[in-house]
Amino acid sequence: MRITVFLGAPGSGKGTQAKRLAEDGLVHHFSTGDMLRAAIAAGSEIGLKAKVYIDKGELLPDDVMIELINKALNPLPDSSKVILDGFPRTVAQAEALDKSPRSRVSEAIMFEIPEEILVKRLTGRRVCKKCGSSFHVEFMPFEPGKSCQDCKGEFLYQRTDDSADVVGRRLSIFKTQNEGLLSYYSRLGNLKKIDANKQVDLIQKSLVDLMS
Ligand code: AMP
């Protein structure tokens, strides 16, 4: 498999970009956050466990997450192209991927963006329950119950962990864990960086260039 990992703080745009890059159906996109939120919505065992951590902005244990991602990757053919968004979050998770030659990471792309922008983005983010697209209240004034611009479907809502107090906790955990991940991938020589404080289309173009 060719696995690209998107690294970056919550709100740095990894999900938006990964979703677009996977639109053609040629790339598989796995967002561990989305997988966990789906498990919560389904009321499954892992969902019940995940909710406790997510609501506090804390990371789930590595073994739970490694099992989740392995279950997602195992059925894919060796020729698959994969983008991982939100995984790995710790060096132990990164090492678990690299342990098997099949899931060895080809490149890690770090989405760089100033922290003050992240706080604004996250607390103003509204997400579609059906398709997962996210919007910002400033660019799409939020009215409760307003439907999604992308799928015209369900209502937009604010993630429980996008509240101001939980955002602070998530960003501080991110900073601590990300340093280790950057050194890990930089040591292996497969770390790339991108300026994620630009227009969505421009970032997309840089990503396509970096990943080709
Ligand atoms: P995200 O949508 O990527 O911001 O993830 C939302 C939440 O899901 C995180 O704050 C964690 O609680 C949990 N989560 C997602 N991915 C992971 C991971 N790789 N390791 C541990 N927890 C995770």
# chains A, B, ... in the order shown; residues from 1 in each chain; ligands from 1
$ closest_atom_pairs --of "chain A" --to "ligand 1" --cutoff "7 Å" --atoms "only C-alpha atoms and all ligand atoms" --output "Markdown table"
| residue | atom | partner | partner_atom_place_in_ligand_line | distance |
| --- | --- | --- | --- | --- |
| A:Pro10 | CA | ligand 1 | 4 (O) | 5.1 |
| A:Ser31 | CA | ligand 1 | 3 (O) | 6.5 |
| A:Thr32 | CA | ligand 1 | 16 (N) | 4.5 |
| A:Gly33 | CA | ligand 1 | 2 (O) | 3.5 |
| A:Asp34 | CA | ligand 1 | 2 (O) | 5.8 |
| A:Leu36 | CA | ligand 1 | 8 (O) | 6.3 |
| A:Ala50 | CA | ligand 1 | 12 (O) | 6.9 |
| A:Tyr53 | CA | ligand 1 | 12 (O) | 5.1 |
| A:Ile54 | CA | ligand 1 | 12 (O) | 3.7 |
| A:Gly57 | CA | ligand 1 | 10 (O) | 4.6 |
| A:Glu58 | CA | ligand 1 | 12 (O) | 4.7 |
| A:Leu59 | CA | ligand 1 | 22 (N) | 3.6 |
| A:Leu60 | CA | ligand 1 | 22 (N) | 4.0 |
| A:Pro61 | CA | ligand 1 | 21 (C) | 6.1 |
| A:Asp62 | CA | ligand 1 | 20 (N) | 6.2 |
| A:Met65 | CA | ligand 1 | 20 (N) | 5.6 |
| A:Asp85 | CA | ligand 1 | 3 (O) | 6.8 |
| A:Gly86 | CA | ligand 1 | 3 (O) | 4.3 |
| A:Phe87 | CA | ligand 1 | 19 (N) | 4.0 |
| A:Pro88 | CA | ligand 1 | 19 (N) | 4.9 |
| A:Arg89 | CA | ligand 1 | 19 (N) | 4.6 |
| A:Arg170 | CA | ligand 1 | 10 (O) | 6.1 |
$ residues_around --residues "range 120-132 of chain A" --least-positions-apart "2" --cutoff "7 Å" --atoms "only C-alpha atoms" --output "PyMOL selection string"
chain A and resi 11+116-118+134-137+148+151+153-158+162-164
$ residues_around --residues "range 181-186 of chain A" --least-positions-apart "2" --cutoff "12 Å" --atoms "only C-alpha atoms" --output "PyMOL selection string"
chain A and resi 4-8+87-95+98+104-112+174-179+188-193
$ write_last_selection --atoms "C-alpha atoms" --output "tab-separated table (two decimals), in the first residue's frame"
chain	number	residue	atom	x	y	z
A	4	THR	CA	0.21	9.04	3.32
A	5	VAL	CA	-0.27	10.34	6.83
A	6	PHE	CA	-1.68	13.83	7.38
A	7	LEU	CA	-0.23	15.39	10.52
A	8	GLY	CA	-1.50	18.63	11.97
A	87	PHE	CA	-3.81	8.60	12.90
A	88	PRO	CA	-1.10	8.23	14.12
A	89	ARG	CA	-1.45	10.62	17.07
A	90	THR	CA	1.43	9.11	19.07
A	91	VAL	CA	4.82	7.61	18.27
A	92	ALA	CA	3.55	4.20	19.46
A	93	GLN	CA	0.78	4.41	16.82
A	94	ALA	CA	3.32	5.44	14.15
A	95	GLU	CA	5.56	2.50	15.07
A	98	ASP	CA	5.61	0.75	10.29
A	104	ARG	CA	4.59	1.15	6.24
A	105	VAL	CA	4.08	4.91	5.85
A	106	SER	CA	5.41	6.38	2.59
A	107	GLU	CA	5.19	10.01	3.64
A	108	ALA	CA	3.92	12.19	6.45
A	109	ILE	CA	2.67	15.65	5.54
A	110	MET	CA	2.54	18.21	8.32
A	111	PHE	CA	-0.16	20.92	7.97
A	112	GLU	CA	1.42	24.04	9.48
A	174	PHE	CA	-1.58	17.85	20.11
A	175	LYS	CA	1.52	19.99	20.76
A	176	THR	CA	2.99	17.45	23.15
A	177	GLN	CA	2.40	14.42	20.91
A	178	ASN	CA	3.21	16.08	17.61
A	179	GLU	CA	6.82	16.89	18.49
A	188	LEU	CA	13.03	8.30	8.70
A	189	GLY	CA	13.38	10.97	6.00
A	190	ASN	CA	9.73	10.98	4.96
A	191	LEU	CA	8.47	14.19	6.55
A	192	LYS	CA	7.04	16.91	4.28
A	193	LYS	CA	5.50	20.22	5.35
$ select_by_dssp --residues "range 35-162 of chain A" --states "strand (DSSP E or B)" --output "list in words"
Lys81, Val82, Ile83, Leu84, Asp85, Val105, Ser106, Glu107, Ala108, Ile109, Met110, Phe111, Glu112, Arg125, Arg126, Val127, Cys128, Ser134, Phe135, His136, Ser147, Phe155, Leu156 and Tyr157 of chain A
$ atom_distance --atom1 "CA of Asn197 in chain A" --atom2 "CA of Lys152 in chain A"
27.4 Å
$ select_by_dssp --residues "range 96-205 of chain A" --states "alpha helix (DSSP H)" --output "PyMOL selection string"
chain A and resi 96-99+115-123+164-188+200-205
$ closest_residue --among "A:Arg2, A:Arg102, A:Lys49, A:Lys19" --to "Lys81 in chain A" --atoms "only C-alpha atoms"
A:Arg2
$ closest_residue --among "A:Pro75, A:Ile69, A:Val82, A:Asp161" --to "Val27 in chain A" --atoms "only C-alpha atoms"
A:Val82
$ atom_distance --atom1 "CA of Ile66 in chain A" --atom2 "CA of Leu97 in chain A"
8.1 Å
$ residues_around --residues "Ser103 in chain A" --least-positions-apart "6" --cutoff "10 Å" --atoms "only C-alpha atoms" --output "ChimeraX atom specification"
/A:1-3,70,73-74,78,82,96-97
